[in-house]
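Colleague: Following this line is model_14.txt, made up of compact mmCIF, C-alpha atoms and all ligand atoms:
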# COMPACT_ATOMS: atom_id res chain seq x y z
CA MET A 1 2.97 20.46 -10.97
CA LYS A 2 2.74 16.69 -10.88
CA ILE A 3 0.33 15.80 -8.11
CA LEU A 4 -0.57 12.51 -6.44
CA VAL A 5 -4.25 12.45 -5.51
CA THR A 6 -5.08 9.70 -3.02
CA GLY A 7 -8.79 8.89 -2.89
CA GLY A 8 -9.03 10.47 -6.35
CA THR A 9 -11.95 8.36 -7.59
CA GLY A 10 -14.04 9.42 -4.56
CA TYR A 11 -16.53 12.27 -4.39
CA ILE A 12 -14.35 15.29 -3.56
CA GLY A 13 -11.18 13.75 -5.04
CA SER A 14 -12.73 13.26 -8.50
CA HIS A 15 -13.96 16.86 -8.68
CA THR A 16 -10.52 18.06 -7.58
CA VAL A 17 -8.84 15.98 -10.30
CA VAL A 18 -10.97 17.84 -12.88
CA GLU A 19 -10.00 21.25 -11.48
CA LEU A 20 -6.30 20.30 -11.25
CA ILE A 21 -6.35 19.28 -14.91
CA ASN A 22 -8.22 22.48 -15.84
CA ALA A 23 -5.40 24.36 -14.12
CA LYS A 24 -2.82 22.41 -16.26
CA HIS A 25 -1.47 20.15 -13.54
CA GLU A 26 -0.57 16.51 -14.12
CA VAL A 27 -2.44 14.04 -11.91
CA VAL A 28 -1.85 10.48 -10.73
CA ILE A 29 -4.63 8.77 -8.74
CA VAL A 30 -4.26 6.12 -6.04
CA ASP A 31 -7.46 4.62 -4.60
CA ASN A 32 -8.35 1.19 -3.22
CA LEU A 33 -11.97 1.59 -4.45
CA VAL A 34 -13.39 0.77 -1.01
CA ASN A 35 -15.94 3.58 -1.51
CA SER A 36 -15.77 4.38 -5.22
CA SER A 37 -15.74 2.71 -8.58
CA LYS A 38 -13.40 2.44 -11.56
CA ASP A 39 -16.22 3.85 -13.73
CA VAL A 40 -15.30 7.26 -12.35
CA LEU A 41 -12.12 7.07 -14.44
CA ASP A 42 -14.21 6.85 -17.64
CA GLN A 43 -16.27 9.83 -16.52
CA LEU A 44 -13.10 11.79 -15.73
CA LYS A 45 -11.78 10.98 -19.20
CA GLU A 46 -15.02 12.21 -20.75
CA ILE A 47 -14.91 15.48 -18.79
CA THR A 48 -11.20 16.23 -19.18
CA ASP A 49 -10.35 14.43 -22.43
CA ARG A 50 -7.22 13.10 -20.71
CA HIS A 51 -5.93 9.72 -19.73
CA ILE A 52 -5.16 9.74 -15.99
CA ASP A 53 -2.72 7.27 -14.44
CA PHE A 54 -4.54 5.17 -11.85
CA TYR A 55 -3.28 2.65 -9.30
CA GLU A 56 -5.61 0.47 -7.24
CA ILE A 57 -3.62 0.47 -4.01
CA ASP A 58 -4.42 0.76 -0.32
CA CYS A 59 -2.63 3.81 1.14
CA THR A 60 -1.92 1.97 4.39
CA ASP A 61 0.30 -0.44 2.41
CA GLU A 62 3.70 1.25 2.30
CA LYS A 63 5.35 -1.53 0.26
CA LEU A 64 2.81 -1.28 -2.56
CA LEU A 65 2.72 2.51 -2.48
CA GLU A 66 6.46 3.14 -2.48
CA PRO A 67 7.06 2.28 -6.18
CA ILE A 68 4.49 4.92 -7.18
CA PHE A 69 6.55 7.57 -5.39
CA LYS A 70 9.75 6.13 -6.83
CA ASN A 71 8.50 6.10 -10.43
CA HIS A 72 6.86 9.52 -10.47
CA GLN A 73 8.54 12.58 -9.12
CA PHE A 74 5.65 14.30 -7.44
CA ASP A 75 5.68 18.00 -6.58
CA GLY A 76 2.73 17.59 -4.26
CA VAL A 77 0.25 15.19 -2.68
CA ILE A 78 -3.42 15.78 -1.93
CA HIS A 79 -4.47 13.14 0.56
CA PHE A 80 -8.22 12.48 0.36
CA ALA A 81 -8.14 8.72 0.96
CA GLY A 82 -10.10 7.93 4.09
CA LEU A 83 -13.27 6.43 5.48
CA LYS A 84 -15.94 9.03 6.31
CA ALA A 85 -19.12 7.52 7.71
CA VAL A 86 -19.56 8.97 11.20
CA GLY A 87 -22.02 6.30 12.43
CA GLU A 88 -19.90 3.43 11.08
CA SER A 89 -16.86 4.86 12.88
CA VAL A 90 -18.67 4.45 16.21
CA VAL A 91 -19.35 0.78 15.45
CA MET A 92 -15.93 0.02 13.93
CA PRO A 93 -13.48 2.44 15.60
CA LEU A 94 -10.37 0.37 14.89
CA ASN A 95 -11.08 0.33 11.14
CA TYR A 96 -11.27 4.10 11.19
CA TYR A 97 -8.14 4.68 13.28
CA HIS A 98 -6.24 2.11 11.22
CA ASN A 99 -7.32 3.37 7.82
CA ASN A 100 -7.38 7.12 8.35
CA VAL A 101 -4.46 7.64 10.71
CA LEU A 102 -2.14 4.98 9.27
CA SER A 103 -2.74 6.17 5.67
CA THR A 104 -1.74 9.70 6.74
CA ILE A 105 1.45 8.36 8.35
CA VAL A 106 2.35 6.15 5.37
CA VAL A 107 1.64 8.76 2.68
CA SER A 108 3.46 11.57 4.52
CA ASN A 109 6.42 9.29 5.27
CA LEU A 110 6.80 8.43 1.57
CA ALA A 111 6.36 12.08 0.62
CA LEU A 112 9.27 12.95 2.93
CA LYS A 113 11.41 10.07 1.67
CA TYR A 114 10.92 11.12 -1.98
CA GLN A 115 11.33 14.86 -1.30
CA VAL A 116 7.77 15.82 -2.16
CA LYS A 117 7.49 19.32 -0.77
CA LYS A 118 3.75 20.02 -0.64
CA PHE A 119 1.08 18.06 1.22
CA VAL A 120 -2.61 18.97 1.36
CA PHE A 121 -4.87 17.13 3.79
CA SER A 122 -8.67 16.67 3.90
CA SER A 123 -9.75 17.70 7.36
CA SER A 124 -13.22 18.54 8.55
CA ALA A 125 -15.20 21.19 10.40
CA THR A 126 -15.98 18.41 12.85
CA VAL A 127 -12.63 19.16 14.60
CA TYR A 128 -14.18 22.35 16.03
CA GLY A 129 -16.71 20.34 18.03
CA ASP A 130 -19.59 22.38 19.46
CA GLN A 131 -18.29 25.95 19.83
CA GLU A 132 -19.71 29.34 19.04
CA VAL A 133 -20.27 29.95 15.31
CA PRO A 134 -18.76 31.03 13.00
CA PHE A 135 -15.79 28.70 13.40
CA VAL A 136 -12.44 30.35 12.87
CA GLU A 137 -9.07 28.65 12.33
CA THR A 138 -7.58 30.03 15.56
CA MET A 139 -10.11 28.20 17.74
CA ASN A 140 -8.92 25.25 19.79
CA LEU A 141 -9.83 21.81 18.53
CA LEU A 142 -12.43 20.25 20.82
CA PRO A 143 -12.88 16.52 21.32
CA THR A 144 -15.35 15.32 18.71
CA THR A 145 -18.25 13.01 19.41
CA ASN A 146 -17.04 10.13 17.24
CA PRO A 147 -13.91 8.20 16.17
CA TYR A 148 -14.09 9.59 12.61
CA GLY A 149 -13.67 13.13 13.94
CA GLU A 150 -10.81 11.97 16.17
CA THR A 151 -8.97 10.53 13.16
CA LYS A 152 -9.10 13.97 11.53
CA ALA A 153 -7.87 15.77 14.66
CA MET A 154 -5.07 13.19 15.11
CA SER A 155 -4.01 13.39 11.47
CA GLU A 156 -3.85 17.19 11.76
CA ARG A 157 -1.57 16.91 14.82
CA ILE A 158 0.67 14.35 13.15
CA LEU A 159 1.10 16.50 10.04
CA ARG A 160 1.82 19.60 12.13
CA ASP A 161 4.61 17.74 13.92
CA VAL A 162 6.02 16.41 10.65
CA ALA A 163 6.00 19.91 9.13
CA HIS A 164 7.75 21.35 12.19
CA ALA A 165 10.43 18.67 12.06
CA ASN A 166 11.11 19.03 8.32
CA LYS A 167 11.61 22.56 7.13
CA ASP A 168 11.15 21.84 3.42
CA PHE A 169 7.89 19.94 3.92
CA LYS A 170 4.88 22.24 3.72
CA VAL A 171 1.43 21.20 4.85
CA SER A 172 -2.02 22.67 4.24
CA LEU A 173 -4.87 21.43 6.44
CA LEU A 174 -8.22 22.09 4.77
CA ARG A 175 -11.26 21.97 7.01
CA TYR A 176 -14.30 21.33 4.85
CA PHE A 177 -17.78 22.28 5.93
CA ASN A 178 -20.64 20.37 4.20
CA PRO A 179 -19.71 19.46 0.61
CA VAL A 180 -22.75 18.89 -1.65
CA GLY A 181 -23.74 19.09 -5.32
CA ALA A 182 -22.00 17.63 -8.34
CA HIS A 183 -20.08 18.53 -11.48
CA GLU A 184 -22.25 20.50 -13.89
CA SER A 185 -21.92 17.72 -16.50
CA GLY A 186 -23.83 15.39 -14.18
CA LEU A 187 -21.14 12.78 -14.88
CA ILE A 188 -19.59 12.69 -11.40
CA GLY A 189 -21.19 13.31 -8.03
CA GLU A 190 -21.84 11.76 -4.65
CA ALA A 191 -23.05 8.19 -4.97
CA PRO A 192 -23.35 6.66 -1.50
CA ASN A 193 -24.07 2.95 -1.32
CA GLY A 194 -27.36 2.00 0.32
CA ILE A 195 -29.43 4.50 2.26
CA PRO A 196 -27.60 7.86 2.50
CA ASN A 197 -26.66 9.29 5.89
CA ASN A 198 -26.16 12.86 4.72
CA LEU A 199 -28.91 15.35 4.05
CA MET A 200 -28.48 16.27 0.36
CA PRO A 201 -28.23 12.75 -1.07
CA TYR A 202 -31.16 11.72 1.12
CA VAL A 203 -33.25 14.63 -0.19
CA SER A 204 -32.35 13.62 -3.77
CA ARG A 205 -33.53 10.05 -3.19
CA VAL A 206 -36.82 11.31 -1.73
CA ALA A 207 -37.30 13.68 -4.69
CA LYS A 208 -36.76 10.71 -6.99
CA LYS A 209 -39.34 8.70 -4.97
CA LYS A 210 -36.75 6.03 -4.12
CA LEU A 211 -37.38 6.89 -0.48
CA GLU A 212 -40.79 7.90 0.84
CA PHE A 213 -39.95 10.90 3.02
CA LEU A 214 -37.10 12.77 4.67
CA SER A 215 -36.78 12.52 8.45
CA ILE A 216 -35.74 15.90 9.78
CA PHE A 217 -33.73 15.31 12.92
CA GLY A 218 -35.25 17.80 15.36
CA ASN A 219 -36.96 21.19 15.04
CA ASP A 220 -36.27 22.33 18.60
CA TYR A 221 -32.70 23.58 18.17
CA ASP A 222 -31.81 27.13 19.10
CA THR A 223 -31.94 28.30 15.47
CA PRO A 224 -34.45 30.57 13.68
CA ASP A 225 -36.67 27.71 12.42
CA GLY A 226 -35.54 25.12 14.99
CA THR A 227 -33.76 22.85 12.47
CA GLY A 228 -29.99 22.37 12.28
CA ILE A 229 -27.84 24.91 10.48
CA ARG A 230 -24.90 23.94 8.27
CA ASP A 231 -22.56 25.60 5.81
CA TYR A 232 -23.21 23.72 2.54
CA ILE A 233 -20.50 24.21 -0.04
CA HIS A 234 -20.61 23.22 -3.71
CA VAL A 235 -18.08 20.46 -4.36
CA VAL A 236 -16.67 22.31 -7.39
CA ASP A 237 -15.94 25.40 -5.26
CA LEU A 238 -14.31 23.08 -2.73
CA ALA A 239 -12.23 21.44 -5.47
CA LYS A 240 -11.00 24.85 -6.67
CA GLY A 241 -9.91 25.60 -3.11
CA HIS A 242 -7.56 22.61 -3.27
CA VAL A 243 -5.93 23.85 -6.47
CA LEU A 244 -5.20 27.24 -4.89
CA ALA A 245 -4.10 25.69 -1.59
CA ILE A 246 -1.45 23.54 -3.27
CA GLU A 247 -0.35 26.22 -5.73
CA LYS A 248 0.05 28.89 -3.07
CA LEU A 249 1.36 26.77 -0.20
CA LYS A 250 4.39 28.55 1.23
CA ASP A 251 4.36 28.33 5.03
CA SER A 252 5.40 25.30 7.02
CA ILE A 253 1.82 24.71 8.15
CA GLU A 254 -1.33 26.43 6.93
CA VAL A 255 -4.93 25.84 8.01
CA TYR A 256 -8.00 26.96 6.08
CA ASN A 257 -11.73 26.72 6.51
CA LEU A 258 -13.38 25.91 3.19
CA GLY A 259 -16.98 26.98 3.58
CA THR A 260 -19.26 29.72 2.28
CA GLY A 261 -19.74 31.47 5.62
CA GLN A 262 -23.53 31.15 5.17
CA GLY A 263 -25.60 29.01 7.52
CA VAL A 264 -28.56 27.23 5.89
CA SER A 265 -31.18 25.30 7.89
CA VAL A 266 -32.50 21.86 6.98
CA LEU A 267 -35.90 23.35 6.11
CA GLU A 268 -34.31 26.09 4.00
CA LEU A 269 -32.36 23.50 2.03
CA VAL A 270 -35.47 21.37 1.48
CA HIS A 271 -37.46 24.38 0.25
CA ALA A 272 -34.62 25.53 -2.05
CA TYR A 273 -34.42 22.01 -3.52
CA GLU A 274 -38.16 21.85 -4.17
CA LYS A 275 -38.22 25.30 -5.73
CA VAL A 276 -35.25 25.09 -8.07
CA ASN A 277 -35.98 21.54 -9.24
CA GLU A 278 -39.80 21.73 -9.21
CA VAL A 279 -40.10 18.53 -7.18
CA LYS A 280 -41.73 17.55 -3.90
CA VAL A 281 -39.69 16.50 -0.86
CA PRO A 282 -42.13 15.19 1.77
CA TYR A 283 -40.70 15.24 5.29
CA LYS A 284 -41.50 14.38 8.90
CA ILE A 285 -39.97 15.92 11.99
CA VAL A 286 -38.42 13.22 14.18
CA GLU A 287 -36.12 13.06 17.24
CA ARG A 288 -32.73 14.76 17.19
CA ARG A 289 -29.89 12.57 15.86
CA PRO A 290 -27.36 11.79 18.62
CA GLY A 291 -24.11 13.72 18.20
CA ASP A 292 -25.56 16.52 16.00
CA ILE A 293 -24.92 20.14 16.91
CA ALA A 294 -27.32 23.04 16.32
CA SER A 295 -25.12 25.18 14.09
CA SER A 296 -21.92 24.86 12.12
CA TYR A 297 -20.65 27.46 9.67
CA ALA A 298 -17.33 28.90 8.71
CA ASN A 299 -15.59 32.18 8.92
CA PRO A 300 -13.96 31.76 5.48
CA ASN A 301 -12.01 35.07 5.47
CA LYS A 302 -8.55 33.55 5.85
CA ALA A 303 -8.83 31.50 2.65
CA PHE A 304 -9.94 34.62 0.80
CA LYS A 305 -7.14 36.75 2.23
CA ASP A 306 -4.30 34.28 1.66
CA LEU A 307 -5.48 32.23 -1.33
CA GLY A 308 -7.95 34.57 -3.04
CA TRP A 309 -10.47 31.75 -2.72
CA LYS A 310 -14.15 32.28 -2.13
CA ALA A 311 -17.13 30.01 -2.75
CA GLU A 312 -19.08 31.26 -5.78
CA LYS A 313 -22.02 28.90 -6.08
CA THR A 314 -25.35 29.34 -4.32
CA ILE A 315 -27.54 26.87 -2.47
CA PHE A 316 -29.74 26.80 -5.61
CA ASP A 317 -26.76 25.73 -7.76
CA MET A 318 -25.97 23.01 -5.21
CA CYS A 319 -29.55 21.67 -5.27
CA LYS A 320 -29.78 21.88 -9.07
CA ASP A 321 -26.54 19.97 -9.66
CA ALA A 322 -27.33 17.36 -7.00
CA TRP A 323 -30.66 16.67 -8.72
CA LYS A 324 -29.11 16.52 -12.18
CA PHE A 325 -26.65 13.88 -11.01
CA GLU A 326 -29.37 11.94 -9.20
CA LYS A 327 -31.68 11.94 -12.22
CA HIS A 328 -29.15 10.84 -14.80
CA TYR A 329 -26.61 8.67 -13.05
CA GLN A 330 -28.24 7.06 -10.07
CA GLU A 331 -30.44 4.53 -11.79
CA LYS A 332 -29.63 1.87 -9.16
P1 LIG B 1 -15.27 9.33 -0.60
O1 LIG B 1 -15.51 8.12 0.22
O2 LIG B 1 -16.14 9.58 -1.76
O3 LIG B 1 -13.75 9.34 -1.11
C1 LIG B 1 -12.69 8.79 -0.39
C2 LIG B 1 -11.93 7.86 -1.33
O4 LIG B 1 -10.83 7.28 -0.61
C3 LIG B 1 -12.78 6.71 -1.84
O5 LIG B 1 -12.67 6.65 -3.25
C4 LIG B 1 -12.19 5.47 -1.18
O6 LIG B 1 -12.29 4.33 -2.02
C5 LIG B 1 -10.76 5.90 -0.94
N1 LIG B 1 -10.06 5.25 0.17
C6 LIG B 1 -10.48 5.10 1.46
N2 LIG B 1 -9.53 4.50 2.19
C7 LIG B 1 -8.48 4.27 1.36
C8 LIG B 1 -7.20 3.69 1.52
N3 LIG B 1 -6.79 3.19 2.68
N4 LIG B 1 -6.38 3.62 0.44
C9 LIG B 1 -6.78 4.11 -0.77
N5 LIG B 1 -7.97 4.67 -0.97
C10 LIG B 1 -8.82 4.75 0.07
O7 LIG B 1 -15.27 10.58 0.40
P2 LIG B 1 -15.20 12.14 0.10
O8 LIG B 1 -16.48 12.75 0.52
O9 LIG B 1 -14.70 12.38 -1.27
O10 LIG B 1 -14.11 12.56 1.17
C11 LIG B 1 -12.75 12.75 0.84
C12 LIG B 1 -11.99 13.12 2.10
O11 LIG B 1 -12.56 14.31 2.65
C13 LIG B 1 -12.06 12.06 3.20
O12 LIG B 1 -10.82 12.01 3.87
C14 LIG B 1 -13.15 12.59 4.11
O13 LIG B 1 -12.99 12.14 5.43
C15 LIG B 1 -12.91 14.09 4.01
N6 LIG B 1 -14.09 14.90 4.35
C16 LIG B 1 -15.28 14.65 3.73
C17 LIG B 1 -16.41 15.41 4.08
C18 LIG B 1 -17.74 15.12 3.43
O14 LIG B 1 -18.78 15.53 4.01
N7 LIG B 1 -17.82 14.49 2.26
C19 LIG B 1 -16.32 16.42 5.04
C20 LIG B 1 -15.07 16.66 5.64
C21 LIG B 1 -13.97 15.88 5.28
N1 LIG B 2 -30.27 15.77 8.62
C1 LIG B 2 -31.62 15.48 8.70
N2 LIG B 2 -32.06 14.33 8.11
C2 LIG B 2 -31.24 13.47 7.45
C3 LIG B 2 -29.85 13.77 7.39
C4 LIG B 2 -29.40 14.93 7.99
O1 LIG B 2 -32.40 16.23 9.28
O2 LIG B 2 -31.70 12.43 6.96
C5 LIG B 2 -29.77 17.03 9.23
C6 LIG B 2 -28.77 16.83 10.35
O3 LIG B 2 -29.43 16.68 11.57
C7 LIG B 2 -27.94 18.12 10.25
C8 LIG B 2 -27.97 18.44 8.74
O4 LIG B 2 -29.08 17.74 8.21
O5 LIG B 2 -28.60 19.16 10.92
C9 LIG B 2 -26.71 18.00 8.01
O6 LIG B 2 -26.45 16.63 8.27
P1 LIG B 2 -25.40 15.78 7.40
O7 LIG B 2 -25.47 14.37 7.89
O8 LIG B 2 -25.62 16.02 5.95
O9 LIG B 2 -24.00 16.46 7.76
P2 LIG B 2 -23.28 16.69 9.16
O10 LIG B 2 -23.16 18.16 9.38
O11 LIG B 2 -23.90 15.89 10.24
O12 LIG B 2 -21.83 16.06 8.90
C10 LIG B 2 -21.10 16.28 7.68
C11 LIG B 2 -20.26 15.05 7.39
C12 LIG B 2 -19.19 14.88 8.43
C13 LIG B 2 -18.38 16.15 8.54
C14 LIG B 2 -19.27 17.33 8.82
C15 LIG B 2 -18.49 18.62 8.82
O13 LIG B 2 -21.08 13.88 7.35
O14 LIG B 2 -18.33 13.85 8.02
O15 LIG B 2 -20.29 17.41 7.81
O16 LIG B 2 -17.78 18.76 7.64
F1 LIG B 2 -17.49 16.02 9.54
Rewrite the structure of this file - the entire thing - as structure tokens.
Ligand code: NAD
Ligand code: UFG
Modeller:
Amino acid sequence: MKILVTGGTGYIGSHTVVELINAKHEVVIVDNLVNSSKDVLDQLKEITDRHIDFYEIDCTDEKLLEPIFKNHQFDGVIHFAGLKAVGESVVMPLNYYHNNVLSTIVVSNLALKYQVKKFVFSSSATVYGDQEVPFVETMNLLPTTNPYGETKAMSERILRDVAHANKDFKVSLLRYFNPVGAHESGLIGEAPNGIPNNLMPYVSRVAKKKLEFLSIFGNDYDTPDGTGIRDYIHVVDLAKGHVLAIEKLKDSIEVYNLGTGQGVSVLELVHAYEKVNEVKVPYKIVERRPGDIASSYANPNKAFKDLGWKAEKTIFDMCKDAWKFEKHYQEK
């Protein structure tokens, strides 16, 4: 298939581009580079030994984006482009609603206009809110605690309505749990600007002594060791889920959790990281972070049943690959 990947120079998008090419698909990337760099294209070339068409375009700009649809006949779109910093979304809600919701409207509108039949969307486990774990696709969406989460829930609703109104337009909504790790080459990975918000990149910076210690946000949750539980998933497993989702998409609207089904606590992750990489990660227990929930993990059975997809990599693989990327490519 010929597939448009929006946000394809970003963290999850770049890993998915590699897996699409491994599966013999043709890829075109659109990204406005607001949270990624053109250097990723060189790394992708080194990994895949392919030239990949790239357009630096904002997906909210229908006029600029339309010629890309006109000039390439896409079989499918994977729409990753979006802003993703939860805290920033609270401070700048309009940026988030504008960028994330409008880009979904613009990209799906052009997909319809140019008869692209398959559309895969990056959603998030955050749409489940704080319900009983494990989260399963049939649960109701609960209001989230931040504008970022709302943009995901809104985009899901919009795409559902579009799929219902257009019988040849098929949509897959993928709800990711906590993507971590990096490509085994160490050439691409998660490279947040400034001080990371998320646990794994923060742990990597502490291990590298760029930051003094990790603050663990609370050890009084109702979990076995009191720290928060999440379902960390290796980004390469996640990327492979996208390939299967687009290849096997057949219903009008499909929804899948992409997680391992295993809950891992903050302390367990820290200890796994120290053990597998033989490094020290000093930490202090501090106050809970506002908006965090105690536990989030997937029931991933539906993706296995329908797509034959299952996460293969362990928490040790995730920590090992995150460290490899940090050591070699994060010299800043
Ligand atoms: P990322 O920031 O690394 O990648 C997103 C890419 O989209 C970036 O390269 C950015 O430059 C680009 N982009 C943003 N707005 C754009 C626009 N208007 N036009 C064109 N390009 C634009 O983030 P990621 O972690 O790879 O996330 C990819 C998608 O998955 C996002 O939609 C994100 O919300 C979603 N998601 C991420 C996580 C996570 O924890 N990483 C979890 C759930 C869902
Ligand atoms: N944590 C710390 N210290 C830190 C950072 C995080 O203790 O410095 C803890 C958090 O309290 C939480 C766990 O580590 O218990 C994971 O936190 P992350 O910030 O890495 O991830 P979240 O689960 O909060 O959120 C992530 C993404 C969201 C996405 C969600 C579900 O940031 O965008 O996963 O997919 F919606």
Colleague: Hey, which of A:Asp75, A:Asp321, A:Asp53, A:Glu184 ends up closest to Tyr114 of chain A? Count all atoms listed in the file.
Modeller: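 Selected residue with least distance to Tyr114 of chain A: A:Asp75.
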Colleague: Identify, counting all atoms listed in the file, the protein, DNA and RNA residues located within 7 Å of ligand LIG 1 (chain B), and give them as a PyMOL selection string.
Modeller: chain A and resi 6-13+30-36+57-60+80-84+99-100+103+122-125+175-179+190
Colleague: Let me see the file: selected residues, C-alpha atoms, as a PDB file, keeping the file's coordinate frame.
Modeller:
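The resulting out-v8.pdb:
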ATOM      1  CA  THR A   6      -5.080   9.700  -3.020  1.00  0.00           C
ATOM      2  CA  GLY A   7      -8.790   8.890  -2.890  1.00  0.00           C
ATOM      3  CA  GLY A   8      -9.030  10.470  -6.350  1.00  0.00           C
ATOM      4  CA  THR A   9     -11.950   8.360  -7.590  1.00  0.00           C
ATOM      5  CA  GLY A  10     -14.040   9.420  -4.560  1.00  0.00           C
ATOM      6  CA  TYR A  11     -16.530  12.270  -4.390  1.00  0.00           C
ATOM      7  CA  ILE A  12     -14.350  15.290  -3.560  1.00  0.00           C
ATOM      8  CA  GLY A  13     -11.180  13.750  -5.040  1.00  0.00           C
ATOM      9  CA  VAL A  30      -4.260   6.120  -6.040  1.00  0.00           C
ATOM     10  CA  ASP A  31      -7.460   4.620  -4.600  1.00  0.00           C
ATOM     11  CA  ASN A  32      -8.350   1.190  -3.220  1.00  0.00           C
ATOM     12  CA  LEU A  33     -11.970   1.590  -4.450  1.00  0.00           C
ATOM     13  CA  VAL A  34     -13.390   0.770  -1.010  1.00  0.00           C
ATOM     14  CA  ASN A  35     -15.940   3.580  -1.510  1.00  0.00           C
ATOM     15  CA  SER A  36     -15.770   4.380  -5.220  1.00  0.00           C
ATOM     16  CA  ILE A  57      -3.620   0.470  -4.010  1.00  0.00           C
ATOM     17  CA  ASP A  58      -4.420   0.760  -0.320  1.00  0.00           C
ATOM     18  CA  CYS A  59      -2.630   3.810   1.140  1.00  0.00           C
ATOM     19  CA  THR A  60      -1.920   1.970   4.390  1.00  0.00           C
ATOM     20  CA  PHE A  80      -8.220  12.480   0.360  1.00  0.00           C
ATOM     21  CA  ALA A  81      -8.140   8.720   0.960  1.00  0.00           C
ATOM     22  CA  GLY A  82     -10.100   7.930   4.090  1.00  0.00           C
ATOM     23  CA  LEU A  83     -13.270   6.430   5.480  1.00  0.00           C
ATOM     24  CA  LYS A  84     -15.940   9.030   6.310  1.00  0.00           C
ATOM     25  CA  ASN A  99      -7.320   3.370   7.820  1.00  0.00           C
ATOM     26  CA  ASN A 100      -7.380   7.120   8.350  1.00  0.00           C
ATOM     27  CA  SER A 103      -2.740   6.170   5.670  1.00  0.00           C
ATOM     28  CA  SER A 122      -8.670  16.670   3.900  1.00  0.00           C
ATOM     29  CA  SER A 123      -9.750  17.700   7.360  1.00  0.00           C
ATOM     30  CA  SER A 124     -13.220  18.540   8.550  1.00  0.00           C
ATOM     31  CA  ALA A 125     -15.200  21.190  10.400  1.00  0.00           C
ATOM     32  CA  ARG A 175     -11.260  21.970   7.010  1.00  0.00           C
ATOM     33  CA  TYR A 176     -14.300  21.330   4.850  1.00  0.00           C
ATOM     34  CA  PHE A 177     -17.780  22.280   5.930  1.00  0.00           C
ATOM     35  CA  ASN A 178     -20.640  20.370   4.200  1.00  0.00           C
ATOM     36  CA  PRO A 179     -19.710  19.460   0.610  1.00  0.00           C
ATOM     37  CA  GLU A 190     -21.840  11.760  -4.650  1.00  0.00           C
TER      38      GLU A 190
END
Colleague: Which residues are near ligand LIG 2 (chain B) in this structure, taking near to mean any atom at most 6 Å from a ligand atom and counting only C-alpha atoms and all ligand atoms? Format them as a PyMOL selection string.
Modeller: chain A and resi 84+86+124-126+176-178+197-199+202+214-217+228-229+266+289+292
Colleague: Restricting the calculation to all atoms listed in the file, which member of A:Lys208, A:Lys38, A:Lys170, A:Lys313 is positioned closest to Lys118 of chain A?
Modeller: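 Using all atoms listed in the file, Lys118 of chain A sits closest to A:Lys170.
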Colleague: So that I can check the surroundings of Asn219 of chain A, please list as a PDB file with C-alpha atoms, in the coordinates of the input every protein, DNA and RNA residue that reaches within 10 Å of it, counting all atoms listed in the file and ignoring chain neighbours fewer than 3 positions away.
Modeller:
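See part-v6.pdb below for the written result:
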ATOM      1  CA  ILE A 216     -35.740  15.900   9.780  1.00  0.00           C
ATOM      2  CA  ASP A 222     -31.810  27.130  19.100  1.00  0.00           C
ATOM      3  CA  THR A 223     -31.940  28.300  15.470  1.00  0.00           C
ATOM      4  CA  PRO A 224     -34.450  30.570  13.680  1.00  0.00           C
ATOM      5  CA  ASP A 225     -36.670  27.710  12.420  1.00  0.00           C
ATOM      6  CA  GLY A 226     -35.540  25.120  14.990  1.00  0.00           C
ATOM      7  CA  THR A 227     -33.760  22.850  12.470  1.00  0.00           C
ATOM      8  CA  GLY A 228     -29.990  22.370  12.280  1.00  0.00           C
ATOM      9  CA  VAL A 266     -32.500  21.860   6.980  1.00  0.00           C
ATOM     10  CA  LEU A 267     -35.900  23.350   6.110  1.00  0.00           C
ATOM     11  CA  ILE A 285     -39.970  15.920  11.990  1.00  0.00           C
ATOM     12  CA  VAL A 286     -38.420  13.220  14.180  1.00  0.00           C
ATOM     13  CA  GLU A 287     -36.120  13.060  17.240  1.00  0.00           C
ATOM     14  CA  ARG A 288     -32.730  14.760  17.190  1.00  0.00           C
ATOM     15  CA  ALA A 294     -27.320  23.040  16.320  1.00  0.00           C
TER      16      ALA A 294
END
Colleague: Within 9 Å of segment 14-26 of chain A, counting all atoms listed in the file, which residues show up once you throw out same-chain ones fewer than 3 positions away? Write them as a ChimeraX atom specification, please.
Modeller: /A:1-5,7-11,29,40-41,44,47-48,50,52,182-183,188-189,235-236,238-243
Colleague: Nearest to Lys275 of chain A: which of A:Leu102, A:Glu46, A:Glu62, A:Asp317 is it, counting only C-alpha atoms?
Modeller: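 Ranked by minimum distance to Lys275 of chain A, first place goes to A:Asp317.
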Colleague: For each of A:Pro300, A:Gly181, A:Gly308, A:Pro201, take the minimum atom-to-atom distance to Asn257 of chain A, counting all atoms listed in the file, then give the residue where this is smallest.
Modeller: A:Pro300
Colleague: Segment 16-23 of chain A, all listed atoms, 3 Å padding on each side: what axis-aligned box centre and edge lengths in Å to one decimal come out, as AutoDock Vina command-line options?
Modeller:
--center_x -8.2 --center_y 20.2 --center_z -11.7 --size_x 11.6 --size_y 14.4 --size_z 14.3
Colleague: Within 12 Å of (3.5, 30.4, 0.2), all atoms listed in the file: residues as a PyMOL selection string?
Modeller: chain A and resi 117-118+168-172+244-254+306-307
Colleague: Which polymer residues, whether protein, DNA or RNA, lie within 9 Å of the coordinate (-16.4, 22.1, 20.9) when you count only C-alpha atoms? List them as a list in words, using the chain letters and numbers from the file.
Modeller: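 Here is the list of nearby residues: Thr126, Val127, Tyr128, Gly129, Asp130, Gln131, Glu132, Asn140, Leu141, Leu142, Pro143 and Thr144 of chain A.
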Colleague: Atom CA of Val203 of chain A to atom CA of Val281 of chain A: how many Å, to one decimal?
Modeller: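 Interatomic distance here is 6.7 Å.
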